[in-house]
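Pasting work_11.pdb here (PDB, C-alpha atoms):
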ATOM      1  CA  LEU R   1     -34.032 107.279-202.571  1.00  0.00           C
ATOM      2  CA  ALA R   2     -32.569 107.291-206.061  1.00  0.00           C
ATOM      3  CA  SER R   3     -31.332 110.882-205.684  1.00  0.00           C
ATOM      4  CA  VAL R   4     -29.721 110.036-202.340  1.00  0.00           C
ATOM      5  CA  CYS R   5     -28.065 106.880-203.621  1.00  0.00           C
ATOM      6  CA  SER R   6     -26.754 108.700-206.696  1.00  0.00           C
ATOM      7  CA  GLY R   7     -25.225 111.449-204.560  1.00  0.00           C
ATOM      8  CA  GLU R   8     -27.502 114.241-205.833  1.00  0.00           C
ATOM      9  CA  TRP R   9     -29.118 114.688-202.400  1.00  0.00           C
ATOM     10  CA  TYR R  10     -25.899 115.438-200.488  1.00  0.00           C
ATOM     11  CA  GLY R  11     -25.551 119.165-200.002  1.00  0.00           C
ATOM     12  CA  SER R  12     -28.805 119.961-201.791  1.00  0.00           C
ATOM     13  CA  GLY R  13     -31.727 121.931-200.398  1.00  0.00           C
ATOM     14  CA  LYS R  14     -33.698 118.693-200.170  1.00  0.00           C
ATOM     15  CA  MET R  15     -31.220 117.422-197.597  1.00  0.00           C
ATOM     16  CA  VAL R  16     -32.093 120.134-195.104  1.00  0.00           C
ATOM     17  CA  LYS R  17     -35.710 120.918-195.882  1.00  0.00           C
ATOM     18  CA  GLY R  18     -37.882 121.466-192.841  1.00  0.00           C
ATOM     19  CA  GLY R  19     -40.049 118.900-191.149  1.00  0.00           C
ATOM     20  CA  GLU R  20     -37.817 115.880-191.670  1.00  0.00           C
ATOM     21  CA  GLN R  21     -36.392 113.924-188.797  1.00  0.00           C
ATOM     22  CA  ASN R  22     -32.993 112.521-189.609  1.00  0.00           C
ATOM     23  CA  LEU R  23     -30.493 110.826-187.354  1.00  0.00           C
ATOM     24  CA  VAL R  24     -27.472 113.080-186.969  1.00  0.00           C
ATOM     25  CA  SER R  25     -24.441 112.287-184.877  1.00  0.00           C
ATOM     26  CA  ILE R  26     -21.474 114.395-183.960  1.00  0.00           C
ATOM     27  CA  TRP R  27     -18.239 112.505-183.476  1.00  0.00           C
ATOM     28  CA  LYS R  28     -15.412 113.754-181.318  1.00  0.00           C
ATOM     29  CA  THR R  29     -11.800 112.799-180.767  1.00  0.00           C
ATOM     30  CA  SER R  30     -10.892 110.750-177.708  1.00  0.00           C
ATOM     31  CA  ASP R  31      -9.240 113.756-176.034  1.00  0.00           C
ATOM     32  CA  ALA R  32     -11.773 116.396-177.155  1.00  0.00           C
ATOM     33  CA  GLU R  33     -12.901 117.181-173.621  1.00  0.00           C
ATOM     34  CA  SER R  34      -9.438 117.380-172.082  1.00  0.00           C
ATOM     35  CA  LYS R  35      -7.989 120.726-171.062  1.00  0.00           C
ATOM     36  CA  ASN R  36      -5.316 120.439-173.732  1.00  0.00           C
ATOM     37  CA  PRO R  37      -6.584 118.331-176.667  1.00  0.00           C
ATOM     38  CA  LYS R  38      -3.833 117.257-179.043  1.00  0.00           C
ATOM     39  CA  MET R  39      -5.767 115.199-181.579  1.00  0.00           C
ATOM     40  CA  SER R  40      -7.600 116.638-184.551  1.00  0.00           C
ATOM     41  CA  ALA R  41     -10.530 114.882-186.200  1.00  0.00           C
ATOM     42  CA  LEU R  42      -8.501 115.324-189.388  1.00  0.00           C
ATOM     43  CA  ASP R  43      -5.573 113.214-188.131  1.00  0.00           C
ATOM     44  CA  ALA R  44      -5.212 109.877-189.927  1.00  0.00           C
ATOM     45  CA  ASP R  45      -5.843 107.796-186.794  1.00  0.00           C
ATOM     46  CA  ALA R  46      -8.839 109.909-185.778  1.00  0.00           C
ATOM     47  CA  MET R  47     -10.246 109.676-189.318  1.00  0.00           C
ATOM     48  CA  TYR R  48      -9.842 105.895-189.110  1.00  0.00           C
ATOM     49  CA  ASP R  49     -11.624 105.781-185.742  1.00  0.00           C
ATOM     50  CA  LEU R  50     -14.473 107.905-187.123  1.00  0.00           C
ATOM     51  CA  CYS R  51     -14.708 105.657-190.184  1.00  0.00           C
ATOM     52  CA  VAL R  52     -14.880 102.461-188.121  1.00  0.00           C
ATOM     53  CA  ALA R  53     -17.448 103.992-185.736  1.00  0.00           C
ATOM     54  CA  GLU R  54     -19.528 105.094-188.712  1.00  0.00           C
ATOM     55  CA  GLU R  55     -19.408 101.624-190.277  1.00  0.00           C
ATOM     56  CA  ASN R  56     -20.405 100.031-186.949  1.00  0.00           C
ATOM     57  CA  THR R  57     -23.304 102.472-186.583  1.00  0.00           C
ATOM     58  CA  LEU R  58     -24.495 101.765-190.124  1.00  0.00           C
ATOM     59  CA  ALA R  59     -24.259  98.012-189.514  1.00  0.00           C
ATOM     60  CA  ALA R  60     -26.367  98.324-186.335  1.00  0.00           C
ATOM     61  CA  LEU R  61     -28.955 100.412-188.176  1.00  0.00           C
ATOM     62  CA  GLN R  62     -29.073  97.924-191.023  1.00  0.00           C
ATOM     63  CA  ASP R  63     -29.344  94.933-188.666  1.00  0.00           C
ATOM     64  CA  GLY R  64     -32.368  96.577-187.046  1.00  0.00           C
ATOM     65  CA  ASP R  65     -33.875  97.526-190.425  1.00  0.00           C
ATOM     66  CA  LEU R  66     -33.697 101.146-189.276  1.00  0.00           C
ATOM     67  CA  CYS R  67     -32.269 102.831-192.360  1.00  0.00           C
ATOM     68  CA  TYR R  68     -33.082 103.454-195.981  1.00  0.00           C
ATOM     69  CA  GLU R  69     -30.972 101.322-198.266  1.00  0.00           C
ATOM     70  CA  CYS R  70     -29.616 101.918-201.743  1.00  0.00           C
ATOM     71  CA  SER R  71     -30.909  99.242-204.080  1.00  0.00           C
ATOM     72  CA  ALA R  72     -27.583  98.965-205.930  1.00  0.00           C
ATOM     73  CA  THR R  73     -25.663  98.057-202.761  1.00  0.00           C
ATOM     74  CA  GLY R  74     -28.354  96.850-200.368  1.00  0.00           C
ATOM     75  CA  LYS R  75     -26.613  98.923-197.695  1.00  0.00           C
ATOM     76  CA  CYS R  76     -27.693 101.902-195.600  1.00  0.00           C
ATOM     77  CA  ILE R  77     -27.353 105.285-197.224  1.00  0.00           C
ATOM     78  CA  GLU R  78     -24.003 106.800-196.330  1.00  0.00           C
ATOM     79  CA  PRO R  79     -24.228 109.668-193.831  1.00  0.00           C
ATOM     80  CA  TYR R  80     -23.197 113.179-194.796  1.00  0.00           C
ATOM     81  CA  SER R  81     -20.057 113.153-192.727  1.00  0.00           C
ATOM     82  CA  LEU R  82     -16.406 114.054-192.451  1.00  0.00           C
ATOM     83  CA  VAL R  83     -15.578 110.489-193.521  1.00  0.00           C
ATOM     84  CA  LEU R  84     -17.701 110.847-196.659  1.00  0.00           C
ATOM     85  CA  MET R  85     -16.017 114.168-197.452  1.00  0.00           C
ATOM     86  CA  ALA R  86     -12.585 112.572-196.919  1.00  0.00           C
ATOM     87  CA  ARG R  87     -13.498 109.702-199.250  1.00  0.00           C
ATOM     88  CA  LEU R  88     -14.753 112.160-201.863  1.00  0.00           C
ATOM     89  CA  HIS R  89     -11.546 114.169-201.546  1.00  0.00           C
ATOM     90  CA  LEU R  90      -9.370 111.080-201.970  1.00  0.00           C
ATOM     91  CA  THR R  91     -11.452 109.896-204.905  1.00  0.00           C
ATOM     92  CA  ALA R  92     -11.132 113.265-206.629  1.00  0.00           C
ATOM     93  CA  HIS R  93      -7.374 113.533-206.033  1.00  0.00           C
ATOM     94  CA  ASN R  94      -6.122 109.958-206.276  1.00  0.00           C
ATOM     95  CA  ASP R  95      -6.376 107.799-209.404  1.00  0.00           C
ATOM     96  CA  GLU R  96      -6.159 104.639-207.270  1.00  0.00           C
ATOM     97  CA  PHE R  97      -9.643 105.314-205.860  1.00  0.00           C
ATOM     98  CA  ARG R  98     -11.405 106.444-209.028  1.00  0.00           C
ATOM     99  CA  SER R  99     -13.887 104.150-210.695  1.00  0.00           C
ATOM    100  CA  GLU R 100     -16.090 104.320-213.764  1.00  0.00           C
ATOM    101  CA  ASN R 101     -19.143 104.787-211.553  1.00  0.00           C
ATOM    102  CA  ASN R 102     -17.662 107.402-209.250  1.00  0.00           C
ATOM    103  CA  ASN R 103     -20.487 108.426-206.947  1.00  0.00           C
ATOM    104  CA  THR R 104     -21.135 108.521-203.220  1.00  0.00           C
ATOM    105  CA  MET R 105     -22.928 105.184-203.040  1.00  0.00           C
ATOM    106  CA  THR R 106     -19.782 103.295-204.032  1.00  0.00           C
ATOM    107  CA  LEU R 107     -17.346 105.120-201.791  1.00  0.00           C
ATOM    108  CA  ALA R 108     -17.681 102.779-198.824  1.00  0.00           C
ATOM    109  CA  GLU R 109     -16.613  99.861-200.984  1.00  0.00           C
ATOM    110  CA  THR R 110     -14.012 101.932-202.831  1.00  0.00           C
ATOM    111  CA  ILE R 111     -12.117 103.218-199.812  1.00  0.00           C
ATOM    112  CA  PRO R 112     -12.160 100.957-196.751  1.00  0.00           C
ATOM    113  CA  CYS R 113     -11.222 102.510-193.412  1.00  0.00           C
ATOM    114  CA  ASN R 114      -7.708 100.979-193.440  1.00  0.00           C
ATOM    115  CA  ASP R 115      -7.033 102.471-196.875  1.00  0.00           C
ATOM    116  CA  LEU R 116      -8.452 105.802-195.776  1.00  0.00           C
ATOM    117  CA  ARG R 117      -5.995 105.874-192.869  1.00  0.00           C
ATOM    118  CA  SER R 118      -2.975 104.802-194.917  1.00  0.00           C
ATOM    119  CA  SER R 119      -3.787 107.295-197.699  1.00  0.00           C
ATOM    120  CA  TRP R 120      -4.455 110.160-195.282  1.00  0.00           C
ATOM    121  CA  THR R 121      -0.950 111.638-195.399  1.00  0.00           C
ATOM    122  CA  PRO R 122      -0.039 115.036-193.919  1.00  0.00           C
ATOM    123  CA  SER R 123      -0.080 116.449-197.459  1.00  0.00           C
ATOM    124  CA  VAL R 124      -3.593 115.104-198.131  1.00  0.00           C
ATOM    125  CA  GLN R 125      -4.735 116.393-194.747  1.00  0.00           C
ATOM    126  CA  ARG R 126      -3.418 119.890-195.575  1.00  0.00           C
ATOM    127  CA  GLN R 127      -5.161 119.875-198.979  1.00  0.00           C
ATOM    128  CA  PHE R 128      -8.390 118.684-197.381  1.00  0.00           C
ATOM    129  CA  THR R 129      -8.194 121.339-194.652  1.00  0.00           C
ATOM    130  CA  ILE R 130      -7.799 124.059-197.290  1.00  0.00           C
ATOM    131  CA  ALA R 131     -10.763 122.643-199.235  1.00  0.00           C
ATOM    132  CA  LEU R 132     -12.899 122.594-196.068  1.00  0.00           C
ATOM    133  CA  LYS R 133     -12.000 126.209-195.271  1.00  0.00           C
ATOM    134  CA  VAL R 134     -12.943 127.294-198.790  1.00  0.00           C
ATOM    135  CA  CYS R 135     -16.223 125.392-198.521  1.00  0.00           C
ATOM    136  CA  VAL R 136     -17.078 126.873-195.123  1.00  0.00           C
ATOM    137  CA  ASN R 137     -16.238 130.407-196.264  1.00  0.00           C
ATOM    138  CA  TRP R 138     -18.238 129.988-199.462  1.00  0.00           C
TER     139      TRP R 138
END

Would you mind giving the structure from this file in structure tokens?
Amino acid sequence: LASVCSGEWYGSGKMVKGGEQNLVSIWKTSDAESKNPKMSALDADAMYDLCVAEENTLAALQDGDLCYECSATGKCIEPYSLVLMARLHLTAHNDEFRSENNNTMTLAETIPCNDLRSSWTPSVQRQFTIALKVCVNW
């Protein structure tokens, strides 16, 4: 758990090694199944909705003692998600969100969903989209 809580696990080969059973969810926008969807998961309001849904899911898992917890926070391990990537992006590009102990286990406390939404400007969204495209094409 120490490697997960420190952030070393995210994106590593250990994260996807065979034989493990991990809970994985796929979020969608409210109009994703319409014939003409207008919302992107990268829109500020959609990112907020995803963030709140993720926090509610984590709270339910924690209430049922159904998740591994980081000892430093006593909270469920953060999922590898679009919200986590958005928080990492904001932390890397915004001094307001940087801390001395800048790692993934502190991001939930560092950037609450309301702050994520208010900081998720069109400019930040464009930068993040470019970063995602580079990552995917890598």

Got a sec to resolve the PyMOL selection byres ((chain R and resi 128) around 9) on this structure and send the residues as an NGL selection string?
:R and (42 or 85-86 or 89-90 or 123-127 or 129-133)

Restricting the output to C-alpha atoms, write the selected residues as a compact mmCIF listing (two decimals), in the coordinates of the input.
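Output (again.txt):
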# COMPACT_ATOMS: atom_id res chain seq x y z
CA LEU R 42 -8.50 115.32 -189.39
CA MET R 85 -16.02 114.17 -197.45
CA ALA R 86 -12.58 112.57 -196.92
CA HIS R 89 -11.55 114.17 -201.55
CA LEU R 90 -9.37 111.08 -201.97
CA SER R 123 -0.08 116.45 -197.46
CA VAL R 124 -3.59 115.10 -198.13
CA GLN R 125 -4.74 116.39 -194.75
CA ARG R 126 -3.42 119.89 -195.58
CA GLN R 127 -5.16 119.88 -198.98
CA THR R 129 -8.19 121.34 -194.65
CA ILE R 130 -7.80 124.06 -197.29
CA ALA R 131 -10.76 122.64 -199.24
CA LEU R 132 -12.90 122.59 -196.07
CA LYS R 133 -12.00 126.21 -195.27

Which residues, named as in the file, does the PyMOL selection byres ((chain R and resi 48) around 10) pick out? Answer as a ChimeraX atom specification.
/R:41-47,49-54,83,112-118,120

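Distance check against Ile77 (chain R) using all atoms listed in the file: of R:Ala32, R:Ala59, R:Ile111, R:Ala92, the minimum falls on R:Ala59.
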
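In this model, the gap between CA of Glu33 (chain R) and CA of Asn56 (chain R) comes to 23.0 Å.
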
Skip Asp65 (chain R) itself and residues of its chain fewer than 4 positions away, then list as a ChimeraX atom specification all residues within 12 Å of it, counting only C-alpha atoms.
/R:58-61,69,74-76

Would you save the residues of that selection, restricted to C-alpha atoms, as a PDB file, in the frame of the given file?
ATOM      1  CA  LEU R  58     -24.495 101.765-190.124  1.00  0.00           C
ATOM      2  CA  ALA R  59     -24.259  98.012-189.514  1.00  0.00           C
ATOM      3  CA  ALA R  60     -26.367  98.324-186.335  1.00  0.00           C
ATOM      4  CA  LEU R  61     -28.955 100.412-188.176  1.00  0.00           C
ATOM      5  CA  GLU R  69     -30.972 101.322-198.266  1.00  0.00           C
ATOM      6  CA  GLY R  74     -28.354  96.850-200.368  1.00  0.00           C
ATOM      7  CA  LYS R  75     -26.613  98.923-197.695  1.00  0.00           C
ATOM      8  CA  CYS R  76     -27.693 101.902-195.600  1.00  0.00           C
TER       9      CYS R  76
END

Around all listed atoms of region 119-136 of chain R, padded 5 Å per side, what centre and edge lengths does the axis-aligned box have in Å to one decimal, as AutoDock Vina command-line options?
--center_x -8.6 --center_y 117.3 --center_z -196.6 --size_x 27.0 --size_y 30.0 --size_z 15.3

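You will find CA of Tyr68 (chain R) at 28.4 Å from CA of Val136 (chain R).
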
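Of the listed residues R:Ser12, R:Pro122, R:Trp27, R:Asn36, the one whose atoms come nearest to Ser81 (chain R) is R:Trp27, with distances taken using all atoms listed in the file.
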
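Here CA of Leu88 (chain R) stands at a distance of 20.8 Å from CA of Ser71 (chain R).
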